[in-house]
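Student: Structure file run_19.txt (compact mmCIF, C-alpha atoms) right here:
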# COMPACT_ATOMS: atom_id res chain seq x y z
CA MET G 1 -5.58 -11.63 -11.12
CA MET G 2 -3.55 -10.12 -13.95
CA PRO G 3 -0.40 -8.30 -12.87
CA ALA G 4 -0.25 -4.62 -13.71
CA ASP G 5 1.94 -3.83 -16.72
CA PRO G 6 3.92 -0.66 -15.93
CA LEU G 7 4.33 0.11 -19.64
CA ARG G 8 0.61 -0.04 -20.44
CA GLU G 9 -2.43 1.40 -18.71
CA ASN G 10 -4.91 -1.17 -17.49
CA ARG G 11 -8.28 -1.17 -19.22
CA PHE G 12 -11.41 -2.39 -17.46
CA ILE G 13 -14.85 -3.80 -18.08
CA VAL G 14 -17.17 -3.45 -15.10
CA ASP G 15 -20.34 -5.33 -14.19
CA ARG G 16 -23.69 -3.62 -13.54
CA MET G 17 -23.20 -3.60 -9.76
CA LEU G 18 -20.25 -1.17 -9.95
CA GLY G 19 -21.65 1.92 -11.68
CA THR G 20 -20.09 4.43 -9.29
CA LEU G 21 -16.70 2.73 -9.55
CA THR G 22 -17.01 2.91 -13.34
CA ARG G 23 -17.38 6.71 -13.18
CA TYR G 24 -14.50 7.05 -10.73
CA LEU G 25 -12.19 4.97 -12.93
CA ARG G 26 -13.06 7.22 -15.87
CA PHE G 27 -12.36 10.34 -13.77
CA MET G 28 -9.01 8.71 -12.98
CA GLY G 29 -8.33 8.36 -16.72
CA TYR G 30 -8.86 4.62 -17.11
CA ASP G 31 -10.55 3.25 -20.23
CA THR G 32 -13.55 1.61 -18.56
CA THR G 33 -16.42 -0.09 -20.35
CA SER G 34 -19.58 -0.85 -18.41
CA ALA G 35 -22.01 -3.73 -18.68
CA ASN G 36 -24.67 -1.01 -18.51
CA SER G 37 -23.90 -0.33 -22.18
CA LEU G 38 -25.27 -3.80 -23.02
CA ALA G 39 -28.95 -4.60 -23.46
CA GLU G 40 -30.48 -5.60 -20.12
CA GLY G 41 -31.82 -9.06 -19.41
CA ARG G 42 -29.42 -11.06 -21.57
CA PRO G 43 -29.11 -14.53 -20.05
CA ASP G 44 -25.57 -14.79 -21.45
CA GLU G 45 -24.35 -11.43 -20.09
CA ASP G 46 -21.67 -12.95 -17.82
CA THR G 47 -20.28 -15.03 -20.69
CA LEU G 48 -20.35 -11.96 -22.93
CA LEU G 49 -18.46 -9.87 -20.33
CA LEU G 50 -15.79 -12.56 -20.04
CA ALA G 51 -15.44 -12.76 -23.82
CA MET G 52 -15.20 -8.97 -24.13
CA ALA G 53 -12.54 -8.84 -21.42
CA GLU G 54 -10.50 -11.46 -23.28
CA GLN G 55 -10.97 -10.00 -26.78
CA GLU G 56 -10.37 -6.38 -25.74
CA GLY G 57 -7.56 -7.03 -23.26
CA ARG G 58 -9.59 -5.69 -20.32
CA ILE G 59 -9.71 -6.67 -16.67
CA LEU G 60 -13.23 -7.62 -15.55
CA LEU G 61 -14.25 -6.00 -12.25
CA THR G 62 -17.22 -7.67 -10.60
CA ARG G 63 -19.09 -8.06 -7.31
CA ASP G 64 -20.15 -11.58 -8.39
CA ALA G 65 -17.83 -14.20 -6.84
CA GLU G 66 -18.86 -16.88 -9.36
CA LEU G 67 -18.18 -14.57 -12.32
CA ALA G 68 -14.78 -13.61 -10.86
CA ARG G 69 -13.95 -17.31 -10.46
CA ARG G 70 -14.93 -18.01 -14.08
CA GLY G 71 -12.77 -15.10 -15.21
CA LYS G 72 -9.68 -16.65 -13.62
CA GLY G 73 -6.72 -14.30 -14.13
CA ARG G 74 -8.73 -11.77 -16.13
CA ALA G 75 -11.27 -10.94 -13.38
CA VAL G 76 -11.13 -9.25 -9.99
CA LEU G 77 -13.73 -9.70 -7.26
CA VAL G 78 -14.40 -6.21 -5.88
CA LYS G 79 -15.23 -6.58 -2.20
CA GLY G 80 -15.77 -3.12 -0.72
CA ASP G 81 -19.25 -1.62 -0.51
CA GLU G 82 -18.12 2.02 -0.73
CA VAL G 83 -16.45 3.39 -3.86
CA MET G 84 -13.29 4.59 -2.11
CA GLU G 85 -12.84 1.13 -0.55
CA GLN G 86 -13.10 -0.26 -4.08
CA VAL G 87 -10.59 2.24 -5.49
CA GLN G 88 -8.21 1.42 -2.63
CA GLN G 89 -8.55 -2.33 -3.27
CA LEU G 90 -7.58 -1.79 -6.93
CA ALA G 91 -4.69 0.50 -5.91
CA ASP G 92 -3.46 -2.07 -3.36
CA CYS G 93 -3.45 -4.70 -6.13
CA GLY G 94 -1.39 -2.38 -8.35
CA LEU G 95 -4.17 -2.11 -10.94
CA VAL G 96 -4.75 1.66 -10.64
CA GLN G 97 -3.04 4.79 -9.41
CA ARG G 98 -5.11 7.22 -7.36
CA ARG G 99 -5.25 10.34 -9.57
CA VAL G 100 -7.72 12.63 -11.34
CA THR G 101 -7.03 13.31 -15.01
CA LEU G 102 -10.30 14.57 -16.55
CA SER G 103 -9.27 12.77 -19.73
CA ARG G 104 -12.41 10.61 -20.23
CA CYS G 105 -16.12 11.32 -20.17
CA SER G 106 -17.57 9.94 -16.94
CA LEU G 107 -20.81 9.07 -18.77
CA CYS G 108 -19.65 7.35 -21.97
CA ASN G 109 -15.87 6.75 -21.61
CA THR G 110 -15.01 8.83 -24.71
CA PRO G 111 -11.61 10.55 -24.50
CA LEU G 112 -12.06 14.27 -23.82
CA ARG G 113 -10.44 17.06 -25.82
CA GLU G 114 -9.87 20.71 -25.03
CA ALA G 115 -13.09 22.68 -25.36
CA ASN G 116 -13.28 25.63 -27.71
CA THR G 117 -14.77 29.02 -26.88
CA CYS G 118 -18.10 28.27 -28.60
CA GLU G 119 -18.56 25.08 -26.57
CA ILE G 120 -17.74 26.87 -23.31
CA ASN G 121 -20.04 29.81 -24.08
CA GLY G 122 -22.79 27.44 -25.22
CA ALA G 123 -22.86 25.51 -21.95
CA GLU G 124 -25.35 27.27 -19.68
CA TYR G 125 -23.90 25.48 -16.66
CA ALA G 126 -20.34 26.75 -17.25
CA PRO G 127 -18.99 29.43 -14.91
CA LYS G 128 -19.45 32.93 -16.30
CA ASP G 129 -15.91 34.00 -15.41
CA TRP G 130 -13.76 31.24 -16.84
CA ARG G 131 -10.40 32.96 -17.07
CA GLY G 132 -7.63 30.63 -15.95
CA ILE G 133 -9.84 27.51 -16.07
CA SER G 134 -9.13 24.61 -18.43
CA PHE G 135 -12.23 23.12 -20.06
CA PHE G 136 -12.65 19.74 -21.74
CA TRP G 137 -15.35 18.51 -24.12
CA CYS G 138 -16.95 15.15 -24.83
CA GLU G 139 -17.82 14.94 -28.52
CA ARG G 140 -20.30 12.11 -27.98
CA CYS G 141 -22.27 13.45 -24.98
CA ARG G 142 -21.66 17.12 -25.82
CA LYS G 143 -20.77 17.65 -22.16
CA LEU G 144 -18.36 20.23 -20.80
CA TYR G 145 -15.93 19.37 -17.99
CA TRP G 146 -13.67 21.58 -15.87
CA ASN G 147 -11.99 21.29 -12.52
CA GLY G 148 -14.32 23.46 -10.41
CA SER G 149 -15.52 22.86 -6.85
CA HIS G 150 -16.98 19.44 -7.74
CA GLY G 151 -13.66 18.42 -9.30
CA LYS G 152 -11.75 19.64 -6.24
CA GLN G 153 -14.00 17.54 -3.97
CA LEU G 154 -13.48 14.54 -6.24
CA GLU G 155 -9.71 15.10 -6.13
CA GLU G 156 -9.81 15.26 -2.32
CA ARG G 157 -11.70 11.96 -2.20
CA ILE G 158 -9.50 10.15 -4.69
CA LEU G 159 -6.14 11.56 -3.62
CA GLY G 160 -6.96 11.72 0.08
CA GLU G 161 -5.85 9.27 2.69
CA PRO G 162 -5.94 5.63 1.61
CA VAL G 163 -8.90 3.71 2.99
CA PRO G 164 -7.64 0.89 5.26
CA VAL G 165 -8.68 -2.47 3.84
CA HIS G 166 -8.67 -5.70 5.85
CA LYS G 167 -6.30 -8.09 4.04
CA GLU G 168 -8.36 -11.29 4.30
CA THR G 169 -11.78 -9.90 3.50
CA GLY G 170 -10.91 -6.84 1.42
CA VAL G 171 -13.21 -4.62 3.52
CA LYS G 172 -12.61 -1.95 6.16
Could you write out this file's structure as structure tokens?

Tutor:
Amino acid sequence: MMPADPLRENRFIVDRMLGTLTRYLRFMGYDTTSANSLAEGRPDEDTLLLAMAEQEGRILLTRDAELARRGKGRAVLVKGDEVMEQVQQLADCGLVQRRVTLSRCSLCNTPLREANTCEINGAEYAPKDWRGISFFWCERCRKLYWNGSHGKQLEERILGEPVPVHKETGVK
């Protein structure tokens, strides 16, 4: 497994079996590419993921033990079944910090920017009284983000108590 570089944020590429973890890593501010962005059914998908990890300087996160073995130091076998177990495993390895940044789109990984008044007013799902709330916008998905009740629940989950992980197996 690659050691974490304290001067540079880790970037990830995640296999198809870790979709929820992908979204959580993006909520945490990590540049995370998903295998779900690739065409399905490619027989060479594992080889392609390994090549992308190498070329783009990403850490491959996978539930596939054989793929993790092939990835050597550039791949991590994610063992937990529940997303917070998975986040805790990555935190225990020093690969991530438990935080919520709302700096990346959870759907497409695009960096978010501050939303303007037209974008906030144009989003039917935005709260009507938005004084004192910071809003963020994804240019690609045209999606509005803010730290409302859903964000608070997400923060509680991510920043809450660490999930105990059994050292040998990596599960609770």

Student: May I ask for the distance between atom CA of Gln86 of chain G and atom CA of Leu112 of chain G, given in Å to one decimal place?

Tutor: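 A separation of 24.5 Å between them.
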
Student: For Asp81 of chain G, which residue out of G:Thr110, G:Gly160, G:Gln153, G:Gly19 is the nearest one, using only C-alpha atoms?

Tutor: G:Gly19

Student: Tell me which protein, DNA and RNA residues are within 12 Å of Ala51 of chain G, counting only C-alpha atoms, leaving out same-chain ones fewer than 2 positions away, and put them as a tab-separated table (two decimals) with C-alpha atoms, in the coordinates of the input.

Tutor:
chain	number	residue	atom	x	y	z
G	13	ILE	CA	-14.85	-3.80	-18.08
G	44	ASP	CA	-25.57	-14.79	-21.45
G	45	GLU	CA	-24.35	-11.43	-20.09
G	46	ASP	CA	-21.67	-12.95	-17.82
G	47	THR	CA	-20.28	-15.03	-20.69
G	48	LEU	CA	-20.35	-11.96	-22.93
G	49	LEU	CA	-18.46	-9.87	-20.33
G	53	ALA	CA	-12.54	-8.84	-21.42
G	54	GLU	CA	-10.50	-11.46	-23.28
G	55	GLN	CA	-10.97	-10.00	-26.78
G	56	GLU	CA	-10.37	-6.38	-25.74
G	57	GLY	CA	-7.56	-7.03	-23.26
G	58	ARG	CA	-9.59	-5.69	-20.32
G	59	ILE	CA	-9.71	-6.67	-16.67
G	60	LEU	CA	-13.23	-7.62	-15.55
G	67	LEU	CA	-18.18	-14.57	-12.32
G	70	ARG	CA	-14.93	-18.01	-14.08
G	71	GLY	CA	-12.77	-15.10	-15.21
G	74	ARG	CA	-8.73	-11.77	-16.13
G	75	ALA	CA	-11.27	-10.94	-13.38

Student: For atom CA of Lys72 of chain G and atom CA of Ala39 of chain G, determine how far apart the two atoms are, in Å to one decimal place.

Tutor: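 Those two atoms sit 24.8 Å apart.
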
Student: Please return the centre and edge lengths, in Å to one decimal, of a box with edges along x, y and z that contains all listed atoms of segment 142-161 of chain G, widened by 8 Å on every side, as AutoDock Vina command-line options.

Tutor:
--center_x -13.8 --center_y 16.4 --center_z -11.6 --size_x 31.8 --size_y 30.2 --size_z 44.5

Student: Give me, please, the distance in Å between atom CA of Val14 of chain G and atom CA of Leu61 of chain G, quoted to one decimal.

Tutor: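 Result for atom CA of Val14 of chain G versus atom CA of Leu61 of chain G: 4.8 Å, one decimal.
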
Student: May I have the residues within 12 Å of Cys108 of chain G as a count of residues only, using only C-alpha atoms and disregarding those fewer than 2 positions away in the same chain?

Tutor: 26

Student: Calculated over all atoms listed in the file, which of the candidates G:Ser134, G:Ala126, G:Glu40, G:Val96 has the smallest distance to Arg11 of chain G?

Tutor: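 The answer is G:Val96, which sits nearest to Arg11 of chain G.
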
Student: Just checking: using all atoms listed in the file, which residue out of G:Gly151, G:Cys118, G:Asp15, G:Trp137 ends up closest to Ala68 of chain G?

Tutor: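 Among the listed residues, the smallest separation from Ala68 of chain G belongs to G:Asp15.
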
Student: Between G:Leu18, G:Arg98, G:Ile120, G:Asn147, which one has atoms that come closest to Gly80 of chain G, using only C-alpha atoms?

Tutor: G:Leu18

Student: Nearest to Gly29 of chain G among G:Thr101, G:Thr62, G:Asn121, G:Gln89, with distances taken over only C-alpha atoms: which residue is it?

Tutor: G:Thr101

Student: Given the block above, output segment 63-89 of chain G with N, CA and C atoms as a short mmCIF file (atom, residue, chain, number, x, y, z; two decimals), in the first residue's frame.

Tutor:
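Full text of selection_15.cif as output:
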data_model
loop_
_atom_site.label_atom_id
_atom_site.label_comp_id
_atom_site.auth_asym_id
_atom_site.auth_seq_id
_atom_site.Cartn_x
_atom_site.Cartn_y
_atom_site.Cartn_z
N ARG G 63 -12.67 -4.18 -3.85
CA ARG G 63 -13.14 -5.29 -3.02
C ARG G 63 -12.61 -6.62 -3.57
N ASP G 64 -11.92 -6.58 -4.70
CA ASP G 64 -11.42 -7.76 -5.40
C ASP G 64 -9.99 -8.05 -4.94
N ALA G 65 -9.81 -9.14 -4.18
CA ALA G 65 -8.49 -9.48 -3.63
C ALA G 65 -7.44 -9.69 -4.73
N GLU G 66 -7.84 -10.32 -5.83
CA GLU G 66 -6.89 -10.57 -6.93
C GLU G 66 -6.46 -9.24 -7.57
N LEU G 67 -7.39 -8.33 -7.77
CA LEU G 67 -7.06 -7.03 -8.34
C LEU G 67 -6.14 -6.25 -7.40
N ALA G 68 -6.42 -6.29 -6.11
CA ALA G 68 -5.56 -5.61 -5.13
C ALA G 68 -4.15 -6.19 -5.17
N ARG G 69 -4.05 -7.51 -5.28
CA ARG G 69 -2.74 -8.16 -5.36
C ARG G 69 -1.99 -7.70 -6.60
N ARG G 70 -2.69 -7.65 -7.73
CA ARG G 70 -2.06 -7.20 -8.99
C ARG G 70 -1.62 -5.75 -8.90
N GLY G 71 -2.34 -4.94 -8.12
CA GLY G 71 -2.00 -3.53 -8.00
C GLY G 71 -0.81 -3.24 -7.12
N LYS G 72 -0.35 -4.26 -6.40
CA LYS G 72 0.81 -4.15 -5.52
C LYS G 72 0.66 -2.92 -4.63
N GLY G 73 1.64 -2.04 -4.63
CA GLY G 73 1.64 -0.87 -3.75
C GLY G 73 0.68 0.23 -4.13
N ARG G 74 0.02 0.10 -5.28
CA ARG G 74 -0.89 1.15 -5.74
C ARG G 74 -2.35 0.78 -5.49
N ALA G 75 -2.62 -0.35 -4.84
CA ALA G 75 -4.00 -0.80 -4.62
C ALA G 75 -4.22 -1.15 -3.15
N VAL G 76 -5.46 -0.95 -2.71
CA VAL G 76 -5.86 -1.28 -1.35
C VAL G 76 -7.10 -2.17 -1.42
N LEU G 77 -7.04 -3.30 -0.73
CA LEU G 77 -8.20 -4.17 -0.62
C LEU G 77 -9.09 -3.62 0.49
N VAL G 78 -10.29 -3.20 0.12
CA VAL G 78 -11.25 -2.64 1.09
C VAL G 78 -12.06 -3.81 1.62
N LYS G 79 -12.03 -4.00 2.94
CA LYS G 79 -12.59 -5.21 3.53
C LYS G 79 -13.96 -5.03 4.15
N GLY G 80 -14.28 -3.88 4.69
CA GLY G 80 -15.56 -3.69 5.37
C GLY G 80 -16.73 -3.74 4.42
N ASP G 81 -17.88 -4.18 4.94
CA ASP G 81 -19.10 -4.22 4.13
C ASP G 81 -19.89 -2.92 4.21
N GLU G 82 -19.74 -2.18 5.30
CA GLU G 82 -20.50 -0.95 5.52
C GLU G 82 -19.59 0.24 5.25
N VAL G 83 -20.13 1.30 4.68
CA VAL G 83 -19.30 2.42 4.22
C VAL G 83 -18.48 3.05 5.33
N MET G 84 -19.01 3.15 6.55
CA MET G 84 -18.21 3.76 7.61
C MET G 84 -17.08 2.84 8.06
N GLU G 85 -17.23 1.54 7.94
CA GLU G 85 -16.12 0.61 8.18
C GLU G 85 -15.03 0.87 7.14
N GLN G 86 -15.45 1.09 5.90
CA GLN G 86 -14.51 1.33 4.81
C GLN G 86 -13.76 2.64 5.01
N VAL G 87 -14.50 3.70 5.39
CA VAL G 87 -13.86 4.99 5.66
C VAL G 87 -12.86 4.84 6.80
N GLN G 88 -13.26 4.12 7.85
CA GLN G 88 -12.36 3.94 8.99
C GLN G 88 -11.11 3.15 8.60
N GLN G 89 -11.26 2.14 7.75
CA GLN G 89 -10.09 1.38 7.29
C GLN G 89 -9.11 2.32 6.58
#
